[in-house]
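As provided, data06.tsv (TSV, C-alpha atoms) reads as follows.
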chain	number	residue	atom	x	y	z
A	1	MET	CA	-120.57	110.62	69.35
A	2	ALA	CA	-121.56	114.29	69.38
A	3	ASP	CA	-125.12	113.57	70.49
A	4	GLU	CA	-123.95	111.58	73.54
A	5	LEU	CA	-121.58	114.37	74.56
A	6	GLU	CA	-124.34	116.95	74.26
A	7	LEU	CA	-126.55	114.73	76.43
A	8	LEU	CA	-123.84	114.59	79.07
A	9	ARG	CA	-123.34	118.34	78.99
A	10	SER	CA	-127.05	119.01	79.38
A	11	ALA	CA	-127.29	116.57	82.30
A	12	ASN	CA	-124.30	118.33	83.89
A	13	PRO	CA	-123.37	115.60	86.39
A	14	VAL	CA	-120.51	117.78	87.63
A	15	PRO	CA	-121.42	121.46	88.09
A	16	HIS	CA	-118.69	123.97	87.25
A	17	ASP	CA	-118.51	125.13	90.85
A	18	GLY	CA	-118.58	121.69	92.42
A	19	PRO	CA	-115.69	120.69	94.71
A	20	HIS	CA	-115.01	117.55	92.65
A	21	PHE	CA	-114.69	119.31	89.32
A	22	GLY	CA	-111.25	119.07	87.72
A	23	ASP	CA	-109.12	115.95	87.89
A	24	GLY	CA	-110.70	114.60	91.07
A	25	PRO	CA	-113.29	111.80	91.16
A	26	LEU	CA	-117.01	112.46	90.83
A	27	ASP	CA	-118.85	112.76	94.12
A	28	HIS	CA	-121.55	110.21	94.99
A	29	ASP	CA	-124.42	112.35	93.74
A	30	ALA	CA	-122.69	113.05	90.44
A	31	GLU	CA	-121.92	109.34	89.97
A	32	ARG	CA	-125.58	108.46	90.53
A	33	ARG	CA	-126.72	111.08	88.04
A	34	LEU	CA	-124.22	109.93	85.44
A	35	GLU	CA	-125.20	106.29	85.95
A	36	ARG	CA	-128.90	107.21	85.58
A	37	LEU	CA	-128.08	109.03	82.38
A	38	LEU	CA	-126.28	105.97	81.01
A	39	ARG	CA	-129.04	103.58	82.12
A	40	GLU	CA	-131.92	105.65	80.80
A	41	ARG	CA	-130.38	106.47	77.41
A	42	PRO	CA	-132.97	104.85	75.06
A	43	SER	CA	-130.61	103.52	72.40
A	44	GLY	CA	-127.84	102.52	74.81
A	45	ARG	CA	-125.34	103.85	72.29
A	46	LEU	CA	-123.14	105.59	74.84
A	47	ARG	CA	-122.63	102.44	76.87
A	48	ASP	CA	-122.05	100.44	73.70
A	49	ARG	CA	-119.20	102.78	72.77
A	50	LEU	CA	-117.30	102.43	76.04
A	51	PRO	CA	-113.92	100.60	76.19
A	52	PRO	CA	-114.24	97.12	74.65
A	53	GLY	CA	-114.42	93.72	76.27
A	54	PRO	CA	-112.89	90.37	75.22
A	55	GLY	CA	-112.76	89.57	71.54
A	56	ARG	CA	-112.84	93.15	70.31
A	57	PRO	CA	-110.05	94.76	68.29
A	58	ARG	CA	-106.86	95.75	70.07
A	59	LEU	CA	-106.38	99.47	70.53
A	60	ALA	CA	-103.70	101.23	68.49
A	61	TRP	CA	-101.45	103.41	70.60
A	62	GLY	CA	-99.00	106.21	69.86
A	63	LEU	CA	-98.68	109.70	68.55
A	64	VAL	CA	-100.28	108.94	65.19
A	65	ALA	CA	-103.36	107.62	66.94
A	66	THR	CA	-103.59	110.59	69.29
A	67	ALA	CA	-103.90	112.93	66.33
A	68	VAL	CA	-107.39	111.61	65.58
A	69	VAL	CA	-109.00	111.22	69.00
A	70	ALA	CA	-111.37	113.35	71.00
A	71	GLY	CA	-110.30	114.72	74.37
A	72	LEU	CA	-112.94	113.46	76.77
A	73	THR	CA	-113.21	115.36	80.03
A	74	LEU	CA	-115.49	112.93	81.86
A	75	THR	CA	-114.49	109.58	83.32
A	76	LEU	CA	-115.41	106.49	81.34
A	77	VAL	CA	-117.43	103.77	83.06
A	78	LEU	CA	-116.51	100.28	81.96
A	79	SER	CA	-119.56	98.33	83.09
A	80	GLY	CA	-122.30	98.58	85.70
A	81	PRO	CA	-122.97	101.00	88.55
A	82	ASP	CA	-120.74	99.09	90.96
A	83	THR	CA	-117.68	99.40	88.74
A	84	ALA	CA	-115.22	102.13	89.67
A	85	PRO	CA	-114.73	104.74	86.94
A	86	ALA	CA	-111.63	104.55	84.81
A	87	VAL	CA	-109.41	107.53	84.29
A	88	ALA	CA	-110.15	110.07	81.60
A	89	ALA	CA	-107.79	112.30	79.71
A	90	PRO	CA	-106.02	114.78	81.99
A	91	ARG	CA	-106.99	118.40	81.57
A	92	PRO	CA	-104.36	120.82	80.25
A	93	LEU	CA	-102.17	122.44	82.87
A	94	VAL	CA	-103.25	125.95	83.79
A	95	VAL	CA	-100.77	128.78	84.22
A	96	GLN	CA	-101.32	130.91	87.33
A	97	THR	CA	-102.49	134.27	86.08
A	98	ASP	CA	-100.78	136.28	88.84
A	99	SER	CA	-97.39	134.59	88.43
A	100	THR	CA	-94.32	136.23	86.93
A	101	PRO	CA	-92.74	134.46	83.93
A	102	VAL	CA	-89.02	133.73	84.26
A	103	PRO	CA	-87.08	134.19	80.98
A	104	LEU	CA	-85.09	131.16	79.89
A	105	ASP	CA	-81.79	133.03	79.89
A	106	ARG	CA	-82.35	133.91	83.55
A	107	LEU	CA	-83.27	130.29	84.28
A	108	ALA	CA	-80.05	129.23	82.53
A	109	GLU	CA	-78.08	131.47	84.90
A	110	ARG	CA	-79.80	129.87	87.88
A	111	ALA	CA	-79.07	126.39	86.51
A	112	GLU	CA	-75.39	127.23	86.04
A	113	GLN	CA	-75.16	128.55	89.60
A	114	ALA	CA	-76.89	125.42	90.93
A	115	ALA	CA	-74.39	123.26	89.02
A	116	ALA	CA	-71.32	124.86	90.60
A	117	ASP	CA	-70.61	121.92	92.92
A	118	GLY	CA	-71.47	119.29	90.27
A	119	THR	CA	-74.27	117.66	92.23
A	120	PRO	CA	-76.50	115.87	91.61
A	121	ARG	CA	-74.60	113.78	89.08
A	122	LEU	CA	-75.69	112.24	85.80
A	123	ARG	CA	-77.32	108.81	86.11
A	124	LYS	CA	-78.33	106.42	83.36
A	125	GLY	CA	-81.96	105.36	83.62
A	126	THR	CA	-85.21	107.18	84.19
A	127	HIS	CA	-88.23	107.46	86.46
A	128	VAL	CA	-91.23	108.87	84.61
A	129	GLN	CA	-95.00	109.11	84.85
A	130	SER	CA	-96.75	109.31	81.49
A	131	TRP	CA	-100.26	109.72	80.15
A	132	SER	CA	-101.12	108.98	76.52
A	133	LEU	CA	-104.35	108.70	74.55
A	134	GLY	CA	-105.16	105.53	72.66
A	135	MET	CA	-108.01	104.63	70.31
A	136	SER	CA	-109.56	101.96	68.19
A	137	ASP	CA	-111.48	102.36	64.96
A	138	ASP	CA	-114.91	102.34	66.59
A	139	LYS	CA	-114.43	103.12	70.29
A	140	PRO	CA	-113.81	106.37	72.16
A	141	PRO	CA	-110.31	107.22	73.34
A	142	ILE	CA	-109.02	106.11	76.69
A	143	THR	CA	-106.02	107.33	78.65
A	144	LEU	CA	-103.34	104.98	79.89
A	145	PRO	CA	-101.44	106.35	82.90
A	146	GLU	CA	-98.20	104.49	83.54
A	147	GLU	CA	-95.10	104.79	85.67
A	148	ARG	CA	-91.77	103.51	84.35
A	149	ILE	CA	-88.55	103.01	86.29
A	150	VAL	CA	-85.40	102.03	84.38
A	151	ARG	CA	-82.21	101.35	86.34
A	152	TRP	CA	-78.79	100.41	84.91
A	153	ARG	CA	-76.26	98.22	86.71
A	154	ALA	CA	-72.48	98.35	86.78
A	155	ASP	CA	-72.25	95.41	84.33
A	156	ALA	CA	-74.31	97.38	81.74
A	157	SER	CA	-77.42	95.27	82.27
A	158	HIS	CA	-80.61	97.06	83.27
A	159	THR	CA	-84.08	96.55	84.70
A	160	ALA	CA	-87.32	98.10	83.49
A	161	LEU	CA	-90.39	98.15	85.70
A	162	VAL	CA	-93.72	99.44	84.33
A	163	VAL	CA	-96.78	99.79	86.54
A	164	ALA	CA	-100.28	101.09	85.92
A	165	THR	CA	-100.85	104.00	88.28
A	166	ASP	CA	-102.25	107.51	88.25
A	167	PRO	CA	-101.02	109.91	90.97
A	168	ARG	CA	-104.10	112.09	90.45
A	169	HIS	CA	-106.33	109.31	91.79
A	170	PRO	CA	-104.32	107.20	94.29
A	171	GLY	CA	-105.95	103.91	95.16
A	172	ARG	CA	-108.43	103.97	92.29
A	173	PRO	CA	-108.51	101.34	89.55
A	174	VAL	CA	-106.36	102.13	86.52
A	175	LEU	CA	-106.76	101.18	82.87
A	176	SER	CA	-104.13	98.85	81.43
A	177	ASP	CA	-103.63	97.40	77.95
A	178	ALA	CA	-101.62	94.40	79.10
A	179	GLY	CA	-102.59	91.39	77.02
A	180	GLY	CA	-103.92	93.50	74.17
A	181	GLU	CA	-107.29	94.46	75.65
A	182	PRO	CA	-108.04	97.48	77.87
A	183	HIS	CA	-109.23	96.49	81.32
A	184	LEU	CA	-109.21	97.82	84.88
A	185	VAL	CA	-106.40	96.80	87.20
A	186	ASP	CA	-105.50	97.77	90.74
A	187	ASP	CA	-103.50	100.92	91.33
A	188	GLY	CA	-99.84	99.89	91.17
A	189	HIS	CA	-100.52	96.80	89.03
A	190	VAL	CA	-97.27	95.56	87.46
A	191	ILE	CA	-97.53	95.64	83.68
A	192	SER	CA	-93.99	94.38	83.12
A	193	ASP	CA	-90.85	93.77	85.17
A	194	ARG	CA	-87.90	92.77	83.02
A	195	THR	CA	-84.16	92.46	83.30
A	196	TYR	CA	-82.09	93.01	80.15
A	197	PRO	CA	-78.60	91.59	79.49
A	198	PRO	CA	-75.56	93.86	79.23
A	199	SER	CA	-75.50	96.18	76.24
A	200	TRP	CA	-73.22	99.00	75.16
A	201	SER	CA	-73.55	101.80	72.65
A	202	ASP	CA	-71.52	104.90	71.89
A	203	ALA	CA	-74.36	106.57	69.97
A	204	PRO	CA	-76.96	108.94	71.42
A	205	PRO	CA	-79.18	108.56	73.34
A	206	GLN	CA	-77.44	105.49	74.81
A	207	SER	CA	-74.07	107.23	75.23
A	208	PRO	CA	-73.69	109.75	78.07
A	209	PRO	CA	-74.86	113.27	77.19
A	210	PRO	CA	-72.18	115.99	77.40
A	211	SER	CA	-72.35	118.94	79.78
A	212	ASP	CA	-71.21	121.51	77.22
A	213	PRO	CA	-74.06	123.29	75.36
A	214	ALA	CA	-72.48	123.07	71.90
A	215	ARG	CA	-71.62	119.39	72.26
A	216	LEU	CA	-75.05	118.67	73.75
A	217	ARG	CA	-76.69	120.30	70.73
A	218	ALA	CA	-74.72	117.99	68.42
A	219	TYR	CA	-75.63	115.02	70.63
A	220	LEU	CA	-79.36	115.80	70.47
A	221	THR	CA	-79.17	116.42	66.75
A	222	GLU	CA	-77.67	112.96	66.27
A	223	ALA	CA	-80.29	111.44	68.56
A	224	GLN	CA	-82.99	112.93	66.31
A	225	TYR	CA	-81.36	111.47	63.17
A	226	THR	CA	-81.23	114.83	61.43
A	227	ASP	CA	-78.40	116.62	59.66
A	228	GLY	CA	-79.68	120.18	59.84
A	229	PRO	CA	-80.15	122.46	62.85
A	230	LEU	CA	-82.84	121.32	65.27
A	231	THR	CA	-86.12	123.19	65.09
A	232	THR	CA	-87.78	123.97	68.41
A	233	PRO	CA	-90.29	121.08	68.12
A	234	GLN	CA	-87.41	118.74	67.25
A	235	LEU	CA	-85.44	120.01	70.23
A	236	LEU	CA	-88.37	119.36	72.56
A	237	ASP	CA	-88.77	115.88	71.09
A	238	ALA	CA	-85.07	115.30	71.65
A	239	VAL	CA	-85.42	116.42	75.27
A	240	GLU	CA	-88.11	113.80	75.78
A	241	VAL	CA	-85.92	111.08	74.25
A	242	LEU	CA	-82.99	112.19	76.39
A	243	LEU	CA	-84.96	112.16	79.64
A	244	ASP	CA	-86.46	108.76	78.84
A	245	HIS	CA	-82.89	107.40	78.90
A	246	TRP	CA	-81.02	109.58	81.41
A	247	THR	CA	-81.59	111.34	84.71
A	248	LEU	CA	-79.56	114.49	84.13
A	249	GLY	CA	-77.03	115.83	86.57
A	250	ALA	CA	-76.79	119.51	87.46
A	251	ARG	CA	-74.18	120.26	84.78
A	252	GLU	CA	-76.08	118.49	81.99
A	253	THR	CA	-79.23	120.32	83.09
A	254	ALA	CA	-77.43	123.68	82.89
A	255	ALA	CA	-76.25	122.89	79.36
A	256	LEU	CA	-79.75	121.85	78.32
A	257	VAL	CA	-81.39	125.01	79.70
A	258	ARG	CA	-78.82	127.11	77.85
A	259	LEU	CA	-79.85	125.36	74.61
A	260	LEU	CA	-83.53	125.93	75.39
A	261	ALA	CA	-82.82	129.62	76.02
A	262	ASP	CA	-81.70	129.89	72.39
A	263	ALA	CA	-84.73	128.02	71.01
A	264	GLU	CA	-86.84	130.18	68.70
A	265	GLY	CA	-90.46	130.66	69.76
A	266	LEU	CA	-90.17	129.02	73.19
A	267	ARG	CA	-91.63	131.67	75.48
A	268	PRO	CA	-92.12	131.93	79.26
A	269	VAL	CA	-95.74	132.02	80.43
A	270	GLY	CA	-95.57	131.77	84.24
A	271	GLN	CA	-95.95	129.30	87.06
A	272	VAL	CA	-97.84	126.00	86.97
A	273	THR	CA	-98.38	123.09	89.33
A	274	ASP	CA	-97.63	119.86	87.51
A	275	ARG	CA	-99.51	116.58	87.84
A	276	LEU	CA	-97.23	115.40	90.61
A	277	GLY	CA	-97.98	118.52	92.66
A	278	ARG	CA	-94.66	120.24	91.94
A	279	ARG	CA	-94.39	123.99	91.32
A	280	GLY	CA	-92.63	124.83	88.10
A	281	GLN	CA	-92.05	127.47	85.47
A	282	ALA	CA	-93.79	126.86	82.14
A	283	TYR	CA	-92.50	127.62	78.66
A	284	VAL	CA	-94.71	127.28	75.60
A	285	TYR	CA	-94.13	126.73	71.91
A	286	ASP	CA	-97.13	127.00	69.59
A	287	GLY	CA	-96.54	124.74	66.62
A	288	SER	CA	-98.72	123.67	63.75
A	289	GLY	CA	-101.83	122.32	65.44
A	290	VAL	CA	-99.99	121.41	68.65
A	291	ARG	CA	-98.99	123.41	71.69
A	292	HIS	CA	-95.92	122.18	73.57
A	293	MET	CA	-95.48	123.13	77.22
A	294	LEU	CA	-92.17	122.57	78.98
A	295	ILE	CA	-92.22	122.63	82.80
A	296	THR	CA	-88.98	123.25	84.70
A	297	ASP	CA	-87.82	123.53	88.27
A	298	PRO	CA	-87.57	127.31	88.89
A	299	ALA	CA	-84.41	126.99	91.01
A	300	THR	CA	-82.31	124.40	89.16
A	301	GLY	CA	-83.77	124.41	85.64
A	302	ALA	CA	-84.36	120.63	85.74
A	303	VAL	CA	-87.08	119.57	83.31
A	304	LEU	CA	-90.10	118.33	85.27
A	305	GLY	CA	-92.51	117.64	82.44
A	306	LEU	CA	-93.66	118.05	78.85
A	307	GLU	CA	-97.26	118.42	77.72
A	308	SER	CA	-98.69	118.43	74.18
A	309	THR	CA	-102.19	119.75	73.49
A	310	PHE	CA	-104.26	120.50	70.40
A	311	THR	CA	-104.46	124.21	69.55
A	312	ALA	CA	-107.57	124.05	67.36
A	313	ASP	CA	-110.72	122.01	66.92
A	314	GLU	CA	-110.52	119.17	64.44
A	315	PRO	CA	-114.21	118.53	63.65
A	316	GLU	CA	-113.39	115.73	61.23
A	317	TYR	CA	-111.96	113.70	64.12
A	318	GLY	CA	-113.99	115.10	67.00
A	319	VAL	CA	-110.91	116.69	68.54
A	320	LYS	CA	-111.50	119.77	70.68
A	321	LYS	CA	-109.09	122.62	71.19
A	322	GLY	CA	-107.06	122.07	74.36
A	323	ALA	CA	-107.33	118.27	74.39
A	324	VAL	CA	-104.20	116.72	75.88
A	325	MET	CA	-102.36	114.45	73.46
A	326	SER	CA	-99.63	113.31	75.84
A	327	TYR	CA	-97.88	114.23	79.05
A	328	SER	CA	-94.68	113.07	80.77
A	329	ALA	CA	-93.43	113.92	84.26
A	330	TRP	CA	-89.85	112.98	85.19
A	331	MET	CA	-88.47	112.38	88.67
A	332	ARG	CA	-85.05	111.62	90.13
Please express the file's structure as C-alpha cells.
Amino acid sequence: MADELELLRSANPVPHDGPHFGDGPLDHDAERRLERLLRERPSGRLRDRLPPGPGRPRLAWGLVATAVVAGLTLTLVLSGPDTAPAVAAPRPLVVQTDSTPVPLDRLAERAEQAAADGTPRLRKGTHVQSWSLGMSDDKPPITLPEERIVRWRADASHTALVVATDPRHPGRPVLSDAGGEPHLVDDGHVISDRTYPPSWSDAPPQSPPPSDPARLRAYLTEAQYTDGPLTTPQLLDAVEVLLDHWTLGARETAALVRLLADAEGLRPVGQVTDRLGRRGQAYVYDGSGVRHMLITDPATGAVLGLESTFTADEPEYGVKKGAVMSYSAWMR
C-alpha cells in the first residue's frame, strides 16, 4: 500500500495550511482532486483496496487487530464520486504548547475539595464515545466511531443502546459493522438497542467501586484479575474497564485521582481539547510501543478520555508513529 500513499501525498489534496485540514471534511476542491486521483490511477489498486462489499471476509476487531494496522490520515471513499466519505482514523490529540501542566497530586487535592459535598453521586452505567481501528487480512484499516449508553434500573435490569455516530463530523455518514460487513449508515444509526434481565454480582467491576483510595486499588486489582501490584498500564486499563461500567461520583473520582497521582511514569504534559470539545489536563505514560494519554477535568479530576497511540514506526505492518489505536471519551 506504500505506493498508493505516496501517490496521495504527492497529489496533496489537502494542503497543510488549508482550512479543512485536521479532522474536518475535505473541501469541494480537495474532494474533486482526490476523486480524480482515484479515477485516473492506472491499476485501480487503491480503489480495489477500499472497505469491502458483500461477500467479502468479515473484519476482525479489537486491540490485537489494531496492533497491525496502518494509521490512515485521509478519509476513505467507499464507492463513486457521489458517495460521502467515511471517517478515517482520528489524529492524536495535541497538547497546547503554552499551557501549564498540573501535577497529579495537585489535581487530587482539587478533586478532594470538589467532593466535599458528595455530589455528583456514583451511578451504575456509562455514556461513552469510542473510536477503534479494525482490519481484515487484505483491506486497509477503517475506524468505527460509536456511542454507547448503558442505564441500570432499580430492579437490576439494564438497557444498552449503541449508535453509529462521530461528533467530529455531525450529520455525515458513519461506518458501521452491523451484520458483519462494513457499510455506511446515517449519523445516529442504531446498531443495537437491548434490554437485559436483572443480574447481580458482588465482584468488580459489577459491584460498586469504593471511595477510599486503598480499597479502590484493591477493587481495580481484582477487576484486572491480577494478584500483584498494578503497573501503570494495568491501572489505566482498569480505569477504562471501570468507566465502561460506572459513572463515578465526586468521591470515587477523588479516590481514583489519588491512585493515579501515585502511578509511576504517569506525567503531566499540559492542556488539550478532547474530541468532544472539552478542555482537559493531559497525563502521559510511554509504554513499550504504546503511548497512553489520560485526559481529566482540570477542576474536578473526572476522567474525560483515554487515548492510545503508537510510539514508533512498525514497517512490517505499515504502522506509523503517532497512529491512534483507540480512543474513549466518557460523559455523565
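Atom pair CA of Glu307 in chain A / CA of Ala329 in chain A has a distance of 8.8 Å (rounded to one decimal).
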Practice task
One decimal, Å: what's the distance from CA of Leu107 in chain A over to CA of Val257 in chain A, could you say?
Solution key: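 Result for CA of Leu107 in chain A versus CA of Val257 in chain A: 7.2 Å, one decimal.
Counting from CA of His158 in chain A, the distance to CA of Thr300 in chain A is 28.0 Å.
Residues in contact with Ala160 in chain A at up to 7 Å, not including ones fewer than 5 positions away on its chain and judged by all atoms listed in the file, are Ile149, Val150, Arg151, Asp193, Arg194 and Thr195 of chain A.
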Exercise for the section: Could you tell me which of A:Val163, A:Ala115, A:Ala154, A:Val290 comes closest to Trp200 in chain A if we count all atoms listed in the file? Expected result: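 Checking each candidate against Trp200 in chain A, we get A:Ala154 as the closest.
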Handout entry: Exercise: Arg172 in chain A partners within 6 Å, only C-alpha atoms, chain neighbours under 2 positions left out, as a ChimeraX atom specification
Key = /A:169-170,187
Problem - Nearest-residue call for Met325 in chain A, choices A:Leu306, A:Gln234, A:Gly280, A:Ala116, using all atoms listed in the file - result: A:Leu306
Problem - Among listed residues A:Arg153, A:His183, A:Arg168, A:Lys320, nearest Leu276 in chain A (using all atoms listed in the file) - result: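 Selected residue with least distance to Leu276 in chain A: A:Arg168.
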Problem - Nearby residues (only C-alpha atoms) at most 7 Å from Thr311 in chain A, same-chain spacing under 3 positions excluded, as a PyMOL selection string - result: chain A and resi 289-291+321-322
Handout entry: Nearest-residue call for Leu122 in chain A, choices A:Leu294, A:Val272, A:Leu243, A:Ala299, using all atoms listed in the file
Key = A:Leu243
Practice task
Please provide as an NGL selection string all residues within 6 Å of Pro103 in chain A, with the sequence filter that same-chain residues fewer than 2 positions apart are discarded (counting all atoms listed in the file).
Solution key: :A and (105-106 or 268)
Practice task
Rank A:Val284, A:Ala312, A:Ala263, A:Ala254 by their smallest atom-to-atom distance to Thr119 in chain A, using all atoms listed in the file, and report the top residue only.
Solution key: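 Among the listed residues, A:Ala254 lies closest to Thr119 in chain A.
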Identify, on the basis of only C-alpha atoms, every residue whose closest approach to Asp274 in chain A does not exceed 9 Å; exclude the query and any residue fewer than 4 positions from it along the same chain; express the result as an mmCIF file with C-alpha atoms, keeping the file's coordinate frame.
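Writing the result to part.cif gives the following:
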data_model
loop_
_atom_site.group_PDB
_atom_site.id
_atom_site.type_symbol
_atom_site.label_atom_id
_atom_site.label_comp_id
_atom_site.auth_asym_id
_atom_site.auth_seq_id
_atom_site.Cartn_x
_atom_site.Cartn_y
_atom_site.Cartn_z
ATOM 1 C CA LEU A 93 -102.170 122.440 82.870
ATOM 2 C CA ARG A 278 -94.660 120.240 91.940
ATOM 3 C CA ARG A 279 -94.390 123.990 91.320
ATOM 4 C CA GLY A 280 -92.630 124.830 88.100
ATOM 5 C CA ILE A 295 -92.220 122.630 82.800
ATOM 6 C CA LEU A 304 -90.100 118.330 85.270
ATOM 7 C CA GLY A 305 -92.510 117.640 82.440
ATOM 8 C CA ALA A 329 -93.430 113.920 84.260
#
